$ cat entry09.cif   # mmCIF, C-alpha atoms
data_input
#
loop_
_atom_site.label_atom_id
_atom_site.label_comp_id
_atom_site.auth_asym_id
_atom_site.auth_seq_id
_atom_site.Cartn_x
_atom_site.Cartn_y
_atom_site.Cartn_z
CA MET X 1 -39.38 57.57 -5.39
CA ASP X 2 -40.31 55.67 -2.24
CA VAL X 3 -37.68 54.62 0.26
CA VAL X 4 -37.93 51.09 1.66
CA ILE X 5 -36.19 50.24 4.93
CA ARG X 6 -35.64 46.58 5.77
CA LEU X 7 -33.21 44.10 7.25
CA ALA X 8 -30.50 43.15 4.80
CA SER X 9 -31.66 39.78 3.52
CA ASN X 10 -29.00 38.43 1.20
CA GLU X 11 -25.30 38.53 0.37
CA SER X 12 -25.77 41.22 -2.26
CA GLU X 13 -27.45 43.57 0.25
CA LEU X 14 -24.83 42.82 2.90
CA SER X 15 -22.10 43.53 0.36
CA ALA X 16 -23.71 46.87 -0.53
CA ALA X 17 -23.95 47.73 3.18
CA TYR X 18 -20.25 46.93 3.57
CA LYS X 19 -19.42 49.30 0.72
CA LEU X 20 -21.40 52.06 2.47
CA VAL X 21 -19.49 51.42 5.70
CA CYS X 22 -16.28 51.83 3.66
CA GLU X 23 -17.66 55.10 2.25
CA LEU X 24 -18.34 56.25 5.81
CA ALA X 25 -14.75 55.44 6.81
CA ASP X 26 -13.50 57.40 3.79
CA HIS X 27 -15.82 60.30 4.65
CA GLU X 28 -14.48 60.40 8.21
CA GLY X 29 -10.86 60.08 7.07
CA SER X 30 -10.45 56.87 9.02
CA ARG X 31 -10.28 54.20 6.32
CA GLU X 32 -6.99 52.85 7.73
CA GLN X 33 -8.83 52.08 10.99
CA LEU X 34 -11.47 49.98 9.21
CA ARG X 35 -9.94 46.54 9.55
CA ILE X 36 -12.91 44.33 8.77
CA SER X 37 -12.79 42.76 5.32
CA GLU X 38 -15.90 42.25 3.24
CA ALA X 39 -15.74 38.49 3.90
CA MET X 40 -15.51 39.11 7.66
CA PHE X 41 -18.41 41.58 7.47
CA LEU X 42 -20.59 39.11 5.57
CA ASN X 43 -19.73 36.35 8.02
CA ALA X 44 -20.49 38.54 11.06
CA ALA X 45 -23.89 39.49 9.61
CA SER X 46 -24.92 35.96 8.61
CA GLY X 47 -25.98 32.72 10.20
CA ALA X 48 -28.44 31.75 12.90
CA LYS X 49 -26.94 34.17 15.45
CA PRO X 50 -25.37 37.08 13.57
CA LYS X 51 -22.93 39.27 15.49
CA ILE X 52 -24.17 42.40 13.72
CA HIS X 53 -27.54 43.33 12.29
CA ILE X 54 -27.98 45.53 9.27
CA LEU X 55 -30.87 47.64 8.07
CA VAL X 56 -30.68 48.98 4.54
CA ALA X 57 -32.48 51.80 2.78
CA LEU X 58 -33.47 51.16 -0.81
CA ILE X 59 -34.65 53.49 -3.54
CA GLY X 60 -35.86 51.16 -6.23
CA ASP X 61 -33.35 48.32 -6.18
CA GLU X 62 -30.39 50.48 -5.11
CA ILE X 63 -29.16 50.46 -1.51
CA VAL X 64 -28.48 54.08 -0.56
CA GLY X 65 -28.21 53.88 3.23
CA THR X 66 -27.43 51.54 6.06
CA VAL X 67 -27.39 51.26 9.80
CA THR X 68 -25.37 48.55 11.55
CA TYR X 69 -26.07 47.56 15.14
CA PHE X 70 -25.77 44.74 17.63
CA GLN X 71 -27.41 43.59 20.81
CA ARG X 72 -25.42 43.39 24.01
CA PHE X 73 -25.80 43.41 27.76
CA HIS X 74 -25.37 46.87 29.29
CA ILE X 75 -24.15 46.73 32.88
CA TRP X 76 -25.37 50.18 33.91
CA ASN X 77 -28.80 49.54 32.43
CA GLY X 78 -28.96 46.00 33.81
CA SER X 79 -30.45 44.68 30.58
CA ASP X 80 -29.75 44.13 26.91
CA ILE X 81 -29.55 47.17 24.65
CA PHE X 82 -29.04 47.82 20.97
CA GLU X 83 -25.76 49.51 20.19
CA LEU X 84 -25.80 51.46 16.95
CA ASP X 85 -22.42 51.12 15.29
CA ASP X 86 -22.65 52.93 11.94
CA LEU X 87 -25.29 55.02 10.19
CA PHE X 88 -24.56 56.25 6.68
CA VAL X 89 -26.50 57.56 3.72
CA SER X 90 -24.87 57.85 0.32
CA PRO X 91 -24.17 61.52 -0.51
CA LYS X 92 -26.34 61.30 -3.65
CA ALA X 93 -29.35 60.26 -1.55
CA ARG X 94 -29.03 62.78 1.29
CA GLY X 95 -31.71 65.35 2.01
CA GLN X 96 -34.57 62.87 1.60
CA GLY X 97 -34.96 61.89 5.27
CA ILE X 98 -33.35 58.49 4.76
CA GLY X 99 -31.16 58.72 7.87
CA THR X 100 -34.24 59.58 9.92
CA LYS X 101 -36.14 56.65 8.41
CA LEU X 102 -33.27 54.28 9.22
CA LEU X 103 -33.15 55.55 12.82
CA LYS X 104 -36.92 55.27 13.24
CA ALA X 105 -36.91 51.71 11.86
CA LEU X 106 -34.17 50.77 14.32
CA GLY X 107 -36.13 52.54 17.05
CA GLN X 108 -39.23 50.49 16.25
CA GLU X 109 -37.27 47.25 16.43
CA ALA X 110 -35.72 48.23 19.76
CA LYS X 111 -39.03 49.50 21.13
CA THR X 112 -40.74 46.21 20.23
CA MET X 113 -38.11 44.42 22.30
CA GLY X 114 -38.25 47.01 25.11
CA MET X 115 -34.59 47.94 24.65
CA PRO X 116 -32.87 51.31 24.57
CA ILE X 117 -30.34 52.20 21.89
CA LYS X 118 -26.90 53.59 22.63
CA TRP X 119 -24.45 55.21 20.21
CA GLN X 120 -21.76 57.85 19.99
CA VAL X 121 -21.60 60.92 17.82
CA ASP X 122 -18.92 63.52 17.26
CA ALA X 123 -19.85 66.43 19.54
CA GLU X 124 -19.25 68.80 16.60
CA ASN X 125 -21.89 67.07 14.44
CA HIS X 126 -24.59 69.57 15.38
CA ARG X 127 -27.05 68.56 12.62
CA ALA X 128 -27.03 64.93 13.73
CA ILE X 129 -27.32 65.86 17.40
CA ALA X 130 -30.29 68.11 16.65
CA LEU X 131 -31.97 65.23 14.80
CA TYR X 132 -31.30 62.79 17.64
CA LYS X 133 -32.73 65.19 20.20
CA LYS X 134 -35.76 65.85 17.98
CA LEU X 135 -36.41 62.09 17.93
CA GLY X 136 -36.20 61.96 21.74
CA ALA X 137 -32.66 60.69 22.33
CA GLN X 138 -30.66 61.99 25.25
CA PHE X 139 -27.26 63.45 24.36
CA SER X 140 -24.31 63.95 26.70
CA ALA X 141 -21.36 66.26 26.13
CA SER X 142 -19.11 63.19 25.76
CA GLY X 143 -20.95 62.38 22.53
CA LEU X 144 -22.98 59.54 24.00
CA CYS X 145 -26.61 59.20 22.92
CA PHE X 146 -29.11 57.05 24.79
CA TRP X 147 -32.63 56.55 23.40
CA LEU X 148 -35.18 55.05 25.77
CA PRO X 149 -38.07 53.02 24.30
CA GLU X 150 -40.67 55.39 25.76
CA ASN X 151 -39.13 58.27 23.79
CA MET X 152 -39.08 56.44 20.44
CA PRO X 153 -41.75 57.53 17.95
CA GLU X 154 -44.55 55.13 17.10
CA ASP X 155 -44.36 55.45 13.33
CA ASN X 156 -41.67 55.21 10.67
#

$ encode --input "entry09.cif" --output "structure tokens"
Amino acid sequence: MDVVIRLASNESELSAAYKLVCELADHEGSREQLRISEAMFLNAASGAKPKIHILVALIGDEIVGTVTYFQRFHIWNGSDIFELDDLFVSPKARGQGIGTKLLKALGQEAKTMGMPIKWQVDAENHRAIALYKKLGAQFSASGLCFWLPENMPEDN
């Protein structure tokens, strides 16, 4: 089945994305650190100037992956950047390239705006780091990834 990547466009999709963020927290063993409620999440992702942006991955009508991010000013860069907060694909949908498709879709959005993307990754997550490097992101030993627009692929 085809995977569709798009901005979350309604409360149902935002709610599904929130549930995936909760799954990520469970997966990482850090659920007690996830303090945002579903209502807070929906509020932060809604309105004329949302605080967070959310891409979702759909197979049919089921949301199986999400990436949350926000735009902020980066002092060292001297410009706005996208900061990737969470990327998660449901375990039942892994192995289909959905995480890569979510990253590439975010990369296209950032590239269109001429902005790099910054995020952190556990230095022991070698599979993710290999993927990020393959896509052209720079990785530092501290777990920081920085993806310049000129290194972002053209296609999804």

$ atom_distance --input "entry09.cif" --atom1 "atom CA of X:Leu14" --atom2 "atom CA of X:His126"
29.5 Å

$ residues_around --input "entry09.cif" --residues "X:Met113" --least-positions-apart "4" --cutoff "10 Å" --atoms "only C-alpha atoms" --output "list in words"
Asp80, Ile81, Phe82, Gly107, Gln108, Glu109 and Pro149 of chain X

$ closest_residue --input "entry09.cif" --among "X:Met152, X:Gly95, X:Phe88, X:Thr112" --to "X:Glu28" --atoms "all atoms listed in the file"
X:Phe88

$ resolve_selection --input "entry09.cif" --expression "the PyMOL selection byres ((chain X and resi 101) around 10)" --output "ChimeraX atom specification"
/X:3-5,57,65,96-100,102-107,155-156

$ atom_distance --input "entry09.cif" --atom1 "atom CA of X:Pro116" --atom2 "atom CA of X:Ala137"
9.6 Å

$ resolve_selection --input "entry09.cif" --expression "the PyMOL selection byres ((chain X and resi 61) around 12)" --output "number ranges by chain"
X: 1-5, 12-13, 16, 56-60, 62-64

$ write_last_selection --input "entry09.cif" --atoms "C-alpha atoms" --output "PDB file, in the coordinates of the input"
ATOM      1  CA  MET X   1     -39.380  57.570  -5.390  1.00  0.00           C
ATOM      2  CA  ASP X   2     -40.310  55.670  -2.240  1.00  0.00           C
ATOM      3  CA  VAL X   3     -37.680  54.620   0.260  1.00  0.00           C
ATOM      4  CA  VAL X   4     -37.930  51.090   1.660  1.00  0.00           C
ATOM      5  CA  ILE X   5     -36.190  50.240   4.930  1.00  0.00           C
ATOM      6  CA  SER X  12     -25.770  41.220  -2.260  1.00  0.00           C
ATOM      7  CA  GLU X  13     -27.450  43.570   0.250  1.00  0.00           C
ATOM      8  CA  ALA X  16     -23.710  46.870  -0.530  1.00  0.00           C
ATOM      9  CA  VAL X  56     -30.680  48.980   4.540  1.00  0.00           C
ATOM     10  CA  ALA X  57     -32.480  51.800   2.780  1.00  0.00           C
ATOM     11  CA  LEU X  58     -33.470  51.160  -0.810  1.00  0.00           C
ATOM     12  CA  ILE X  59     -34.650  53.490  -3.540  1.00  0.00           C
ATOM     13  CA  GLY X  60     -35.860  51.160  -6.230  1.00  0.00           C
ATOM     14  CA  GLU X  62     -30.390  50.480  -5.110  1.00  0.00           C
ATOM     15  CA  ILE X  63     -29.160  50.460  -1.510  1.00  0.00           C
ATOM     16  CA  VAL X  64     -28.480  54.080  -0.560  1.00  0.00           C
TER      17      VAL X  64
END

$ atom_distance --input "entry09.cif" --atom1 "atom CA of X:Leu42" --atom2 "atom CA of X:Asp122"
27.1 Å

$ residues_around --input "entry09.cif" --residues "stretch 68-78 of chain X" --least-positions-apart "6" --cutoff "6 Å" --atoms "all atoms listed in the file" --output "ChimeraX atom specification"
/X:52-54,84-86

$ resolve_selection --input "entry09.cif" --expression "the PyMOL selection byres ((chain X and resi 143) around 9)" --output "mmCIF file with C-alpha atoms, in the coordinates of the input"
data_model
loop_
_atom_site.group_PDB
_atom_site.id
_atom_site.type_symbol
_atom_site.label_atom_id
_atom_site.label_comp_id
_atom_site.auth_asym_id
_atom_site.auth_seq_id
_atom_site.Cartn_x
_atom_site.Cartn_y
_atom_site.Cartn_z
ATOM 1 C CA TRP X 119 -24.450 55.210 20.210
ATOM 2 C CA GLN X 120 -21.760 57.850 19.990
ATOM 3 C CA VAL X 121 -21.600 60.920 17.820
ATOM 4 C CA ASP X 122 -18.920 63.520 17.260
ATOM 5 C CA ALA X 123 -19.850 66.430 19.540
ATOM 6 C CA GLU X 124 -19.250 68.800 16.600
ATOM 7 C CA ILE X 129 -27.320 65.860 17.400
ATOM 8 C CA PHE X 139 -27.260 63.450 24.360
ATOM 9 C CA SER X 140 -24.310 63.950 26.700
ATOM 10 C CA ALA X 141 -21.360 66.260 26.130
ATOM 11 C CA SER X 142 -19.110 63.190 25.760
ATOM 12 C CA LEU X 144 -22.980 59.540 24.000
ATOM 13 C CA CYS X 145 -26.610 59.200 22.920
#

$ closest_residue --input "entry09.cif" --among "X:Cys22, X:Ala130, X:Ala8, X:Leu135" --to "X:Leu34" --atoms "only C-alpha atoms"
X:Cys22

$ closest_residue --input "entry09.cif" --among "X:Lys134, X:Lys19, X:Lys118, X:Arg35" --to "X:Leu148" --atoms "only C-alpha atoms"
X:Lys118
